Structure formats: structure tokens, C-alpha cells
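Content type compact mmCIF, N, CA and C atoms, from the file query_25.txt:
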```txt
# COMPACT_ATOMS: atom_id res chain seq x y z
N MET A 1 -37.36 -8.01 30.51
CA MET A 1 -36.93 -6.64 30.35
C MET A 1 -37.98 -5.90 29.51
N PHE A 2 -38.59 -4.91 30.10
CA PHE A 2 -39.58 -4.08 29.43
C PHE A 2 -39.22 -2.64 29.75
N GLN A 3 -38.79 -1.89 28.73
CA GLN A 3 -38.28 -0.54 28.99
C GLN A 3 -38.69 0.46 27.92
N ILE A 4 -38.79 1.71 28.36
CA ILE A 4 -38.87 2.86 27.48
C ILE A 4 -37.54 3.57 27.64
N VAL A 5 -36.85 3.84 26.52
CA VAL A 5 -35.50 4.42 26.59
C VAL A 5 -35.41 5.66 25.69
N HIS A 6 -34.41 6.49 25.97
CA HIS A 6 -34.15 7.67 25.16
C HIS A 6 -32.95 7.48 24.24
N GLU A 7 -32.13 6.50 24.53
CA GLU A 7 -30.91 6.28 23.77
C GLU A 7 -31.13 5.25 22.66
N PRO A 8 -30.21 5.20 21.68
CA PRO A 8 -30.33 4.20 20.60
C PRO A 8 -30.43 2.78 21.17
N ILE A 9 -31.15 1.94 20.45
CA ILE A 9 -31.39 0.56 20.88
C ILE A 9 -30.33 -0.36 20.27
N ASP A 10 -29.70 -1.14 21.13
CA ASP A 10 -28.78 -2.19 20.71
C ASP A 10 -29.50 -3.52 20.95
N PRO A 11 -29.80 -4.29 19.90
CA PRO A 11 -30.55 -5.54 20.07
C PRO A 11 -29.80 -6.63 20.84
N GLN A 12 -28.48 -6.61 20.83
CA GLN A 12 -27.72 -7.72 21.42
C GLN A 12 -28.01 -7.93 22.90
N PRO A 13 -28.08 -6.89 23.73
CA PRO A 13 -28.42 -7.15 25.14
C PRO A 13 -29.80 -7.79 25.32
N LEU A 14 -30.75 -7.47 24.46
CA LEU A 14 -32.06 -8.10 24.55
C LEU A 14 -31.96 -9.58 24.19
N ILE A 15 -31.23 -9.87 23.12
CA ILE A 15 -31.02 -11.26 22.72
C ILE A 15 -30.36 -12.03 23.86
N ASP A 16 -29.31 -11.45 24.42
CA ASP A 16 -28.58 -12.11 25.52
C ASP A 16 -29.47 -12.32 26.74
N SER A 17 -30.42 -11.41 26.96
CA SER A 17 -31.28 -11.52 28.15
C SER A 17 -32.34 -12.61 28.01
N VAL A 18 -32.67 -13.03 26.79
CA VAL A 18 -33.72 -14.04 26.62
C VAL A 18 -33.19 -15.42 26.24
N ARG A 19 -32.04 -15.52 25.61
CA ARG A 19 -31.55 -16.79 25.08
C ARG A 19 -30.96 -17.69 26.16
N THR A 20 -31.34 -18.98 26.09
CA THR A 20 -30.73 -20.00 26.93
C THR A 20 -30.37 -21.18 26.05
N ASP A 21 -29.64 -22.13 26.61
CA ASP A 21 -29.27 -23.33 25.84
C ASP A 21 -30.46 -24.24 25.57
N ALA A 22 -31.59 -23.98 26.21
CA ALA A 22 -32.81 -24.76 25.97
C ALA A 22 -33.56 -24.28 24.74
N ASP A 23 -33.16 -23.12 24.20
CA ASP A 23 -33.91 -22.51 23.10
C ASP A 23 -33.35 -22.90 21.74
N GLY A 24 -34.25 -23.24 20.84
CA GLY A 24 -33.86 -23.50 19.47
C GLY A 24 -34.14 -22.31 18.57
N ALA A 25 -34.78 -21.28 19.14
CA ALA A 25 -35.13 -20.10 18.35
C ALA A 25 -35.06 -18.85 19.20
N VAL A 26 -34.49 -17.82 18.61
CA VAL A 26 -34.58 -16.47 19.15
C VAL A 26 -35.04 -15.61 17.98
N ASP A 27 -36.23 -15.07 18.11
CA ASP A 27 -36.79 -14.22 17.07
C ASP A 27 -36.66 -12.77 17.54
N VAL A 28 -36.16 -11.91 16.64
CA VAL A 28 -35.97 -10.50 16.98
C VAL A 28 -36.69 -9.65 15.95
N PHE A 29 -37.52 -8.74 16.45
CA PHE A 29 -38.15 -7.75 15.58
C PHE A 29 -37.52 -6.41 15.89
N LEU A 30 -37.03 -5.75 14.86
CA LEU A 30 -36.44 -4.42 15.01
C LEU A 30 -37.22 -3.48 14.10
N GLY A 31 -37.99 -2.59 14.69
CA GLY A 31 -38.72 -1.58 13.93
C GLY A 31 -37.83 -0.37 13.73
N VAL A 32 -37.67 0.07 12.48
CA VAL A 32 -36.76 1.19 12.19
C VAL A 32 -37.50 2.31 11.46
N ALA A 33 -36.99 3.51 11.62
CA ALA A 33 -37.55 4.68 10.94
C ALA A 33 -37.21 4.58 9.45
N ARG A 34 -38.24 4.67 8.61
CA ARG A 34 -38.04 4.54 7.17
C ARG A 34 -38.13 5.91 6.49
N ARG A 35 -37.53 6.01 5.33
CA ARG A 35 -37.46 7.26 4.58
C ARG A 35 -38.81 7.66 3.99
N TRP A 36 -39.59 6.70 3.50
CA TRP A 36 -40.85 7.02 2.82
C TRP A 36 -42.02 6.43 3.57
N SER A 37 -43.07 7.21 3.73
CA SER A 37 -44.30 6.75 4.37
C SER A 37 -45.46 7.55 3.81
N ARG A 38 -46.51 6.84 3.45
CA ARG A 38 -47.73 7.49 2.94
C ARG A 38 -47.45 8.39 1.74
N GLY A 39 -46.46 7.98 0.93
CA GLY A 39 -46.12 8.72 -0.28
C GLY A 39 -45.34 9.99 -0.05
N ARG A 40 -44.84 10.19 1.16
CA ARG A 40 -44.08 11.41 1.48
C ARG A 40 -42.70 11.02 2.01
N GLU A 41 -41.74 11.91 1.79
CA GLU A 41 -40.40 11.68 2.30
C GLU A 41 -40.32 12.12 3.76
N VAL A 42 -39.95 11.20 4.61
CA VAL A 42 -39.85 11.46 6.05
C VAL A 42 -38.47 12.03 6.37
N VAL A 43 -38.43 13.11 7.12
CA VAL A 43 -37.18 13.74 7.56
C VAL A 43 -36.69 13.04 8.83
N HIS A 44 -37.59 12.86 9.79
CA HIS A 44 -37.30 12.13 11.01
C HIS A 44 -38.62 11.78 11.70
N LEU A 45 -38.54 10.97 12.73
CA LEU A 45 -39.70 10.62 13.55
C LEU A 45 -39.51 11.17 14.95
N GLU A 46 -40.62 11.40 15.62
CA GLU A 46 -40.60 11.79 17.03
C GLU A 46 -41.58 10.89 17.77
N TYR A 47 -41.11 10.28 18.84
CA TYR A 47 -41.96 9.43 19.68
C TYR A 47 -42.10 10.05 21.05
N GLU A 48 -43.32 9.98 21.58
CA GLU A 48 -43.60 10.39 22.95
C GLU A 48 -44.34 9.25 23.62
N ALA A 49 -44.21 9.18 24.94
CA ALA A 49 -44.86 8.10 25.68
C ALA A 49 -45.22 8.58 27.08
N TYR A 50 -46.12 7.88 27.67
CA TYR A 50 -46.39 7.97 29.11
C TYR A 50 -45.59 6.81 29.68
N PRO A 51 -44.33 7.04 30.09
CA PRO A 51 -43.39 5.95 30.36
C PRO A 51 -43.83 4.95 31.42
N GLU A 52 -44.38 5.41 32.53
CA GLU A 52 -44.78 4.48 33.58
C GLU A 52 -45.88 3.54 33.11
N MET A 53 -46.87 4.09 32.42
CA MET A 53 -47.96 3.27 31.91
C MET A 53 -47.47 2.40 30.75
N ALA A 54 -46.62 2.95 29.89
CA ALA A 54 -46.11 2.18 28.75
C ALA A 54 -45.33 0.97 29.23
N THR A 55 -44.50 1.15 30.25
CA THR A 55 -43.72 0.03 30.78
C THR A 55 -44.64 -1.04 31.35
N ARG A 56 -45.68 -0.62 32.06
CA ARG A 56 -46.65 -1.59 32.60
C ARG A 56 -47.36 -2.34 31.48
N LYS A 57 -47.71 -1.62 30.41
CA LYS A 57 -48.41 -2.27 29.29
C LYS A 57 -47.48 -3.24 28.55
N LEU A 58 -46.20 -2.89 28.42
CA LEU A 58 -45.25 -3.82 27.80
C LEU A 58 -45.16 -5.10 28.62
N ALA A 59 -45.11 -4.97 29.94
CA ALA A 59 -45.07 -6.15 30.81
C ALA A 59 -46.36 -6.96 30.69
N GLU A 60 -47.48 -6.27 30.52
CA GLU A 60 -48.76 -6.94 30.33
C GLU A 60 -48.73 -7.78 29.04
N ILE A 61 -48.14 -7.23 28.00
CA ILE A 61 -48.00 -7.99 26.75
C ILE A 61 -47.14 -9.23 27.00
N GLY A 62 -46.08 -9.08 27.80
CA GLY A 62 -45.26 -10.23 28.17
C GLY A 62 -46.08 -11.32 28.85
N GLU A 63 -46.99 -10.92 29.74
CA GLU A 63 -47.87 -11.90 30.42
C GLU A 63 -48.81 -12.57 29.42
N GLU A 64 -49.33 -11.80 28.46
CA GLU A 64 -50.21 -12.38 27.44
C GLU A 64 -49.45 -13.42 26.62
N VAL A 65 -48.21 -13.12 26.26
CA VAL A 65 -47.38 -14.05 25.49
C VAL A 65 -47.15 -15.33 26.30
N ARG A 66 -46.88 -15.18 27.58
CA ARG A 66 -46.68 -16.36 28.44
C ARG A 66 -47.93 -17.23 28.46
N ALA A 67 -49.08 -16.59 28.59
CA ALA A 67 -50.34 -17.33 28.66
C ALA A 67 -50.67 -18.04 27.35
N LYS A 68 -50.40 -17.39 26.22
CA LYS A 68 -50.75 -17.96 24.91
C LYS A 68 -49.78 -19.04 24.44
N TRP A 69 -48.48 -18.83 24.65
CA TRP A 69 -47.48 -19.74 24.09
C TRP A 69 -46.57 -20.38 25.13
N GLY A 70 -46.72 -20.05 26.38
CA GLY A 70 -45.86 -20.61 27.41
C GLY A 70 -44.43 -20.09 27.33
N ILE A 71 -44.25 -18.98 26.66
CA ILE A 71 -42.92 -18.40 26.49
C ILE A 71 -42.60 -17.54 27.71
N GLU A 72 -41.48 -17.85 28.35
CA GLU A 72 -41.07 -17.15 29.55
C GLU A 72 -40.05 -16.05 29.27
N ARG A 73 -39.37 -16.12 28.12
CA ARG A 73 -38.27 -15.19 27.86
C ARG A 73 -38.63 -14.26 26.70
N LEU A 74 -38.99 -13.04 27.08
CA LEU A 74 -39.41 -12.01 26.14
C LEU A 74 -38.87 -10.68 26.64
N ALA A 75 -38.32 -9.88 25.75
CA ALA A 75 -37.83 -8.55 26.11
C ALA A 75 -38.34 -7.55 25.08
N ILE A 76 -38.79 -6.39 25.55
CA ILE A 76 -39.27 -5.34 24.67
C ILE A 76 -38.68 -4.01 25.13
N VAL A 77 -38.07 -3.29 24.20
CA VAL A 77 -37.56 -1.95 24.47
C VAL A 77 -38.09 -1.04 23.38
N HIS A 78 -38.67 0.10 23.79
CA HIS A 78 -39.17 1.09 22.83
C HIS A 78 -38.48 2.41 23.11
N ARG A 79 -38.04 3.04 22.06
CA ARG A 79 -37.34 4.32 22.18
C ARG A 79 -38.31 5.48 22.03
N VAL A 80 -38.03 6.57 22.73
CA VAL A 80 -38.77 7.82 22.57
C VAL A 80 -37.79 8.93 22.22
N GLY A 81 -38.35 10.05 21.76
CA GLY A 81 -37.52 11.17 21.35
C GLY A 81 -37.43 11.23 19.83
N LYS A 82 -36.43 11.96 19.35
CA LYS A 82 -36.23 12.15 17.91
C LYS A 82 -35.39 11.00 17.35
N LEU A 83 -35.90 10.37 16.29
CA LEU A 83 -35.19 9.29 15.62
C LEU A 83 -34.90 9.68 14.18
N GLU A 84 -33.67 9.50 13.79
CA GLU A 84 -33.27 9.74 12.40
C GLU A 84 -33.63 8.50 11.57
N ILE A 85 -33.67 8.67 10.27
CA ILE A 85 -33.96 7.56 9.37
C ILE A 85 -32.95 6.44 9.60
N GLY A 86 -33.45 5.21 9.71
CA GLY A 86 -32.60 4.04 9.93
C GLY A 86 -32.41 3.67 11.38
N GLU A 87 -32.78 4.56 12.31
CA GLU A 87 -32.63 4.24 13.72
C GLU A 87 -33.80 3.38 14.19
N ALA A 88 -33.54 2.51 15.16
CA ALA A 88 -34.56 1.60 15.69
C ALA A 88 -35.46 2.31 16.68
N SER A 89 -36.76 2.09 16.52
CA SER A 89 -37.74 2.63 17.46
C SER A 89 -38.16 1.58 18.47
N VAL A 90 -38.14 0.32 18.08
CA VAL A 90 -38.58 -0.75 18.97
C VAL A 90 -37.79 -2.02 18.67
N CYS A 91 -37.51 -2.77 19.73
CA CYS A 91 -36.87 -4.07 19.57
C CYS A 91 -37.60 -5.06 20.48
N ILE A 92 -37.96 -6.19 19.89
CA ILE A 92 -38.62 -7.28 20.62
C ILE A 92 -37.76 -8.52 20.42
N ALA A 93 -37.41 -9.19 21.49
CA ALA A 93 -36.67 -10.45 21.40
C ALA A 93 -37.45 -11.52 22.14
N VAL A 94 -37.66 -12.65 21.48
CA VAL A 94 -38.42 -13.76 22.03
C VAL A 94 -37.61 -15.03 21.85
N ALA A 95 -37.46 -15.80 22.92
CA ALA A 95 -36.76 -17.08 22.84
C ALA A 95 -37.72 -18.20 23.20
N SER A 96 -37.62 -19.30 22.45
CA SER A 96 -38.45 -20.47 22.74
C SER A 96 -37.77 -21.71 22.16
N PRO A 97 -38.21 -22.88 22.57
CA PRO A 97 -37.61 -24.09 22.03
C PRO A 97 -37.82 -24.24 20.51
N HIS A 98 -38.93 -23.69 20.00
CA HIS A 98 -39.27 -23.87 18.58
C HIS A 98 -39.57 -22.53 17.91
N ARG A 99 -39.25 -22.43 16.63
CA ARG A 99 -39.38 -21.16 15.90
C ARG A 99 -40.82 -20.70 15.71
N GLY A 100 -41.75 -21.61 15.53
CA GLY A 100 -43.13 -21.22 15.28
C GLY A 100 -43.70 -20.35 16.38
N GLU A 101 -43.49 -20.78 17.61
CA GLU A 101 -43.99 -20.01 18.75
C GLU A 101 -43.25 -18.68 18.88
N ALA A 102 -41.94 -18.69 18.60
CA ALA A 102 -41.17 -17.45 18.70
C ALA A 102 -41.65 -16.43 17.68
N PHE A 103 -41.85 -16.87 16.43
CA PHE A 103 -42.35 -15.95 15.40
C PHE A 103 -43.74 -15.42 15.75
N ALA A 104 -44.63 -16.32 16.17
CA ALA A 104 -46.00 -15.92 16.49
C ALA A 104 -46.01 -14.94 17.67
N ALA A 105 -45.21 -15.21 18.68
CA ALA A 105 -45.18 -14.34 19.86
C ALA A 105 -44.63 -12.97 19.51
N CYS A 106 -43.61 -12.94 18.67
CA CYS A 106 -43.01 -11.67 18.28
C CYS A 106 -44.00 -10.81 17.49
N GLN A 107 -44.70 -11.43 16.55
CA GLN A 107 -45.69 -10.68 15.78
C GLN A 107 -46.83 -10.22 16.67
N TYR A 108 -47.28 -11.07 17.55
CA TYR A 108 -48.34 -10.70 18.48
C TYR A 108 -47.91 -9.49 19.31
N ALA A 109 -46.68 -9.52 19.82
CA ALA A 109 -46.20 -8.44 20.67
C ALA A 109 -46.19 -7.10 19.95
N ILE A 110 -45.69 -7.04 18.71
CA ILE A 110 -45.65 -5.75 18.01
C ILE A 110 -47.07 -5.27 17.69
N ASP A 111 -47.96 -6.18 17.35
CA ASP A 111 -49.34 -5.79 17.07
C ASP A 111 -50.01 -5.23 18.33
N ARG A 112 -49.78 -5.86 19.48
CA ARG A 112 -50.36 -5.39 20.73
C ARG A 112 -49.77 -4.05 21.16
N ILE A 113 -48.46 -3.87 20.93
CA ILE A 113 -47.84 -2.58 21.26
C ILE A 113 -48.58 -1.46 20.56
N LYS A 114 -48.85 -1.65 19.28
CA LYS A 114 -49.52 -0.60 18.50
C LYS A 114 -50.94 -0.34 18.98
N HIS A 115 -51.57 -1.33 19.64
CA HIS A 115 -52.96 -1.17 20.07
C HIS A 115 -53.13 -0.68 21.51
N ILE A 116 -52.24 -1.06 22.42
CA ILE A 116 -52.53 -0.77 23.82
C ILE A 116 -51.48 0.05 24.57
N VAL A 117 -50.32 0.26 23.99
CA VAL A 117 -49.26 0.94 24.73
C VAL A 117 -49.30 2.44 24.42
N PRO A 118 -49.30 3.29 25.46
CA PRO A 118 -49.39 4.74 25.24
C PRO A 118 -48.06 5.33 24.74
N ILE A 119 -47.82 5.07 23.46
CA ILE A 119 -46.66 5.61 22.74
C ILE A 119 -47.21 6.23 21.47
N TRP A 120 -46.76 7.46 21.18
CA TRP A 120 -47.27 8.18 20.02
C TRP A 120 -46.14 8.52 19.07
N LYS A 121 -46.42 8.39 17.77
CA LYS A 121 -45.40 8.64 16.74
C LYS A 121 -45.83 9.82 15.87
N LYS A 122 -44.89 10.74 15.66
CA LYS A 122 -45.11 11.84 14.74
C LYS A 122 -44.14 11.70 13.58
N GLU A 123 -44.66 11.71 12.35
CA GLU A 123 -43.82 11.74 11.16
C GLU A 123 -43.57 13.21 10.82
N VAL A 124 -42.32 13.54 10.60
CA VAL A 124 -41.96 14.91 10.25
C VAL A 124 -41.43 14.90 8.82
N TRP A 125 -42.03 15.74 7.98
CA TRP A 125 -41.62 15.88 6.59
C TRP A 125 -41.02 17.26 6.39
N SER A 126 -40.47 17.51 5.24
CA SER A 126 -39.88 18.83 4.98
C SER A 126 -40.95 19.93 4.96
N ASP A 127 -42.21 19.55 4.71
CA ASP A 127 -43.27 20.55 4.60
C ASP A 127 -44.37 20.39 5.65
N GLY A 128 -44.08 19.71 6.74
CA GLY A 128 -45.09 19.56 7.78
C GLY A 128 -44.87 18.31 8.61
N SER A 129 -45.87 17.97 9.42
CA SER A 129 -45.78 16.79 10.27
C SER A 129 -47.18 16.32 10.62
N GLN A 130 -47.25 15.08 11.13
CA GLN A 130 -48.54 14.53 11.52
C GLN A 130 -48.33 13.43 12.55
N TRP A 131 -49.20 13.44 13.59
CA TRP A 131 -49.22 12.34 14.54
C TRP A 131 -49.89 11.17 13.85
N ILE A 132 -49.22 10.05 13.79
CA ILE A 132 -49.72 8.88 13.06
C ILE A 132 -50.60 8.05 14.00
N GLY A 133 -51.73 7.61 13.46
CA GLY A 133 -52.66 6.82 14.24
C GLY A 133 -53.75 7.65 14.89
N TRP A 134 -53.64 8.96 14.83
CA TRP A 134 -54.63 9.84 15.45
C TRP A 134 -55.44 10.61 14.42
N GLU A 135 -55.28 10.25 13.14
CA GLU A 135 -56.05 10.91 12.09
C GLU A 135 -57.54 10.65 12.35
N GLY A 136 -58.32 11.69 12.31
CA GLY A 136 -59.76 11.55 12.49
C GLY A 136 -60.19 11.37 13.93
N GLN A 137 -59.30 11.45 14.88
CA GLN A 137 -59.64 11.31 16.30
C GLN A 137 -60.47 12.51 16.72
N SER A 138 -61.66 12.25 17.26
CA SER A 138 -62.56 13.35 17.58
C SER A 138 -62.42 13.86 19.01
N ASP A 139 -61.82 13.09 19.90
CA ASP A 139 -61.72 13.50 21.31
C ASP A 139 -60.34 14.07 21.58
N PRO A 140 -60.20 15.41 21.68
CA PRO A 140 -58.89 16.00 21.89
C PRO A 140 -58.26 15.61 23.21
N GLY A 141 -59.03 15.05 24.13
CA GLY A 141 -58.48 14.63 25.41
C GLY A 141 -57.60 13.39 25.32
N VAL A 142 -57.63 12.67 24.20
CA VAL A 142 -56.83 11.46 24.07
C VAL A 142 -55.70 11.61 23.05
N LEU A 143 -55.45 12.82 22.63
CA LEU A 143 -54.37 13.06 21.67
C LEU A 143 -53.01 12.96 22.36
N PRO A 144 -51.96 12.77 21.57
CA PRO A 144 -50.62 12.74 22.15
C PRO A 144 -50.34 14.03 22.93
N PRO A 145 -49.40 13.97 23.89
CA PRO A 145 -49.17 15.11 24.79
C PRO A 145 -48.98 16.45 24.10
N THR A 146 -48.14 16.55 23.08
CA THR A 146 -47.88 17.86 22.48
C THR A 146 -48.90 18.23 21.42
N ALA A 147 -49.80 17.32 21.07
CA ALA A 147 -50.81 17.64 20.06
C ALA A 147 -51.85 18.61 20.61
N ASN A 148 -51.99 18.67 21.92
CA ASN A 148 -52.96 19.59 22.53
C ASN A 148 -52.40 20.99 22.71
N VAL A 149 -51.14 21.19 22.40
CA VAL A 149 -50.49 22.48 22.64
C VAL A 149 -50.81 23.44 21.51
```
Can you turn what I pasted into C-alpha cells?
Amino acid sequence: MFQIVHEPIDPQPLIDSVRTDADGAVDVFLGVARRWSRGREVVHLEYEAYPEMATRKLAEIGEEVRAKWGIERLAIVHRVGKLEIGEASVCIAVASPHRGEAFAACQYAIDRIKHIVPIWKKEVWSDGSQWIGWEGQSDPGVLPPTANV
């Protein structure tokens, strides 16, 4: 299961989709919107994505995990839109016979998401906002969709 969604993320369906009786470990990473970032109080987050490409890239990460650890059961869901503090932006569930591989695969997946998946995050504060990860970007053609407006 690799999806981009607009609604709140419930981790249980992801867990249920990957867990089997052969697994001794199910590792779940839940990324949530936090109140403080970069020394500023965050009001909310906004995520945008190129959904068709993002879904393909999430599946690509799943293939990389299979190749590296032999893990067949991995699910990734990323939310887009406005997220309030405490709401989940991403959920990754990985099942494997042993915990070491599950932990490693889960960490690998979140790191790869941040590097290759076309999803953009904007932090909104009471006195402004900023697209995160695009600071110092010199090519306006690769900015998030609404940053060019």
C-alpha cells in the first residue's frame, strides 16, 4: 500500500496490511506536526505533492527495501493539505521476521521519502511561513507548486 491521502492517517490499517503470523516485528513510524521548529512556534503545516509521481516514488522505495532487506510487507501513506499540530503527516509500517531489519527498513524509507518523493512542506507561523527544504534553492522551476505564484 503506497498512497497520498487528504484525510487523517490511521496507522492500524497499515499495520493490519503488513503483519502476518510469520513476523516477529512490525515497526511503525508516524511523523507528526510539531509545535516548535527552528526556534519558532508553528501554527500548522501545509503539504503539497505531485500525487501520481509521489505514489510511484513511494512504490520505488518499497522495491528498494525489498532488495536491501528482503522485506515484502511495507506500507507508506503520506498526507497532503493542511495539518494541525499533532496530526500525522506520514505513516510507514514494515513487517519482518526480525526487529533489526524492520527498524532499518523503516528508517531507510523515511530518509528516502525526504530525498526523492515530490512532496513539499510549508511551516506556517503566526508571523509568516516558509517552504521547508527549499531554502537557498536557486532554480525557481523546481519550487513547490504554490511557491511560484
- Task: Give the answer as one residue: which of A:Met53, A:Cys91, A:Val32, A:Val124 has the shortest atom-to-atom distance to Arg79 of chain A, using all atoms listed in the file?
- Result: A:Cys91
- Just the residues within 6 Å of Ala33 of chain A, please, counting all atoms listed in the file, with nothing from its chain fewer than 2 positions along; format it as number ranges by chain. A: 31, 35, 84-89
- Item | Interatomic distance (Å, one decimal) between atom CA of Val18 of chain A and atom CA of Lys82 of chain A |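 Separating atom CA of Val18 of chain A from atom CA of Lys82 of chain A is a distance of 27.7 Å.
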- Query: Which residues in segment 59-137 of chain A does DSSP call strand (DSSP E or B)? List them as a PyMOL selection string.
  - Reply: chain A and resi 73-79+81-84+88-96+119-125+128-132
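Closest approach to Leu30 of chain A from the set A:His78, A:His44, A:Arg99, A:Arg56 is made by A:His78, with distances taken over only C-alpha atoms.
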- Query: Can you tell me, as a VMD selection string, what residues are no more than 9 Å from Val26 of chain A when counting only C-alpha atoms, ignoring any on the same chain fewer than 3 positions away?
  - Reply: chain A and resid 15 18 to 19 23 93 to 99 102 to 103
- Quick one: of A:Ala59, A:Val90, A:Ile9, A:Leu45, who's nearest to Glu123 of chain A, counting only C-alpha atoms? A:Leu45
